[in-house]
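Below is one structure, written out as structure tokens; comments come after it.
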Amino acid sequence: MKKNRVIPVLVLKEGDIVQSYEFARYKRVGNALKAVERLSQWDADEMIYLDITTNSSKSSVRDDLNSTHLPERIKLVEEIAKRSSMPFTFGGGLKTVKDIELTITAGADKVSLNSLFFQDKLVARNAVRNLGSQAIVASVDYKVIENRKYVWNPISRKLTEIELQSWLDQLLDLGVGEILLTSIDRDGSKQGYDLETINEISSLIQVPLIANGGVGKWNDFKEGIMAGADAVAAANIFHFTDQSVYQARDYLYNKKMNVRKPSLSHFV
């Protein structure tokens, strides 16, 4: 049986790691590349790195990255790969199959796609054909309105009329290999995962489900796994506690969850 994974999510906006609150407010919390080094030392199973920078006049890469030979995001992927001892998924600004291929070549193990599914599903399908399902993670954000779940469009930054299950069916038809499912209602709330939705979706899809949004304590990870998530992800909870990923996995391991035995790395 595959182990359940604990996955820290780093959200990058205009060159800094930020905390997110319901996709509406952001608080800067640190340097992007130093965060990667810490997570490697704390022995994360893997990492998801999402660059949500939208203003092209703002740099998505810190000034301490001196290379100018590659597009900014590809350059950033290379710097992450140098500092990371864990597999990582990179998302943000990927619009063509070539962009995706360059991201993988630069060191990412997988890419996370979201906006692209709204722009051109054919590109996403071709990426799956060229790189394989295992390299493509579909990032899906949703809100619950009167007990119905609707998908968020990251381009317009508005809620669509597309219901969650219908959208997932479309993405799975394209051949994506994993679903990163984020509850906007729970984002930054510290109220725990949307367990009802995790349980519902995990029983309906045949690819791994990564639950995200709402973690406020280690036990929330346990509940997410018990609800059916193959992997449990979070961003904010990992920022302010030393050895936070190790502590989360240690908690789960001692609660007899199916996770790797925790250890600390001396990766530099």
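Naming scheme: A, B, ... for chains in displayed order of the structure tokens; residues 1 onward per chain; ligands 1 onward as shown.
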(message) List as a VMD selection string the protein and nucleic acid residues near Ala127 in chain A, meaning an atom at most 12 Å away when only C-alpha atoms are counted, but skip any in the same chain fewer than 3 places from it.
(response) chain A and resid 94 to 104 110 to 113 116 to 117 120 to 124 130 to 137 174 to 177
Show me, as a Markdown table, the residues of range 118-156 of chain A having an atom within 10 Å of range 186-199 of chain A, each with the closest atom pair and its distance in Å, using only C-alpha atoms.
```
| residue | atom | partner | partner_atom | distance |
| --- | --- | --- | --- | --- |
| A:Lys143 | CA | A:Arg186 | CA | 9.0 |
| A:Val144 | CA | A:Thr197 | CA | 9.7 |
| A:Lys149 | CA | A:Thr197 | CA | 8.8 |
```
(message) Could you list, as a PyMOL selection string, every residue within 9 Å of range 35-52 of chain A, counting only C-alpha atoms and ignoring same-chain residues fewer than 3 positions away?
(response) chain A and resi 5-15+17+30-32+60+73+80+83-93+111-112+233+238-239+242-247+249+260+262-268
Keeping only C-alpha atoms, write those residues as a PDB file, in the first residue's frame.
```pdb
ATOM      1  CA  ARG A   5       2.110  11.921   1.812  1.00  0.00           C
ATOM      2  CA  VAL A   6       2.447  15.158   3.767  1.00  0.00           C
ATOM      3  CA  ILE A   7       3.012  17.987   1.309  1.00  0.00           C
ATOM      4  CA  PRO A   8       3.886  21.580   2.183  1.00  0.00           C
ATOM      5  CA  VAL A   9       2.623  24.151  -0.305  1.00  0.00           C
ATOM      6  CA  LEU A  10       4.636  27.297  -0.915  1.00  0.00           C
ATOM      7  CA  VAL A  11       2.629  30.141  -2.449  1.00  0.00           C
ATOM      8  CA  LEU A  12       4.787  32.715  -4.178  1.00  0.00           C
ATOM      9  CA  LYS A  13       3.507  36.200  -5.015  1.00  0.00           C
ATOM     10  CA  GLU A  14       5.750  38.906  -6.480  1.00  0.00           C
ATOM     11  CA  GLY A  15       8.903  37.233  -5.231  1.00  0.00           C
ATOM     12  CA  ILE A  17       6.247  33.467   0.084  1.00  0.00           C
ATOM     13  CA  GLY A  30       9.505  34.945   3.932  1.00  0.00           C
ATOM     14  CA  ASN A  31      12.097  34.219   1.301  1.00  0.00           C
ATOM     15  CA  ALA A  32      11.141  31.638  -1.289  1.00  0.00           C
ATOM     16  CA  SER A  60       8.359  36.417  -9.720  1.00  0.00           C
ATOM     17  CA  ARG A  73       9.905  31.049 -13.775  1.00  0.00           C
ATOM     18  CA  ILE A  80      14.546  25.292  -6.404  1.00  0.00           C
ATOM     19  CA  ARG A  83      18.187  23.493  -3.037  1.00  0.00           C
ATOM     20  CA  SER A  84      15.686  20.666  -2.836  1.00  0.00           C
ATOM     21  CA  SER A  85      16.269  17.065  -1.768  1.00  0.00           C
ATOM     22  CA  MET A  86      12.582  16.216  -2.258  1.00  0.00           C
ATOM     23  CA  PRO A  87      10.410  15.823  -5.346  1.00  0.00           C
ATOM     24  CA  PHE A  88       8.542  19.005  -6.168  1.00  0.00           C
ATOM     25  CA  THR A  89       5.644  20.178  -8.275  1.00  0.00           C
ATOM     26  CA  PHE A  90       5.754  23.641  -9.833  1.00  0.00           C
ATOM     27  CA  GLY A  91       2.754  25.650 -10.969  1.00  0.00           C
ATOM     28  CA  GLY A  92       2.221  29.139 -12.325  1.00  0.00           C
ATOM     29  CA  GLY A  93       2.438  30.838 -15.703  1.00  0.00           C
ATOM     30  CA  VAL A 111       3.703  20.567 -12.967  1.00  0.00           C
ATOM     31  CA  SER A 112       0.491  21.919 -11.493  1.00  0.00           C
ATOM     32  CA  ALA A 233      -1.246  19.447   1.850  1.00  0.00           C
ATOM     33  CA  PHE A 238       4.272  25.145   8.095  1.00  0.00           C
ATOM     34  CA  HIS A 239       5.618  28.706   8.154  1.00  0.00           C
ATOM     35  CA  ASP A 242      10.547  24.908  13.567  1.00  0.00           C
ATOM     36  CA  GLN A 243      10.756  21.443  12.006  1.00  0.00           C
ATOM     37  CA  SER A 244       7.041  21.688  11.241  1.00  0.00           C
ATOM     38  CA  VAL A 245       6.909  19.014   8.533  1.00  0.00           C
ATOM     39  CA  TYR A 246       8.823  16.593  10.732  1.00  0.00           C
ATOM     40  CA  GLN A 247       6.433  17.308  13.600  1.00  0.00           C
ATOM     41  CA  ARG A 249       4.685  13.398  10.126  1.00  0.00           C
ATOM     42  CA  ARG A 260       6.831   7.326   6.239  1.00  0.00           C
ATOM     43  CA  PRO A 262       9.808  10.717  10.222  1.00  0.00           C
ATOM     44  CA  SER A 263      13.438  11.772  10.110  1.00  0.00           C
ATOM     45  CA  LEU A 264      15.445  14.929   9.708  1.00  0.00           C
ATOM     46  CA  SER A 265      17.755  15.528   6.778  1.00  0.00           C
ATOM     47  CA  HIS A 266      21.174  17.136   6.796  1.00  0.00           C
ATOM     48  CA  PHE A 267      20.718  18.314   3.220  1.00  0.00           C
ATOM     49  CA  VAL A 268      22.383  21.629   2.546  1.00  0.00           C
TER      50      VAL A 268
END
```
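Minimum distance to Ala211 in chain A across A:Val259, A:Lys34, A:Val77, A:Asn4 (counting only C-alpha atoms) occurs at A:Asn4.
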(request) Measuring atom to atom with only C-alpha atoms, identify which of A:Asn153, A:Gly224, A:Lys75, A:Arg28 is nearest to Gly107 in chain A. (result) A:Lys75
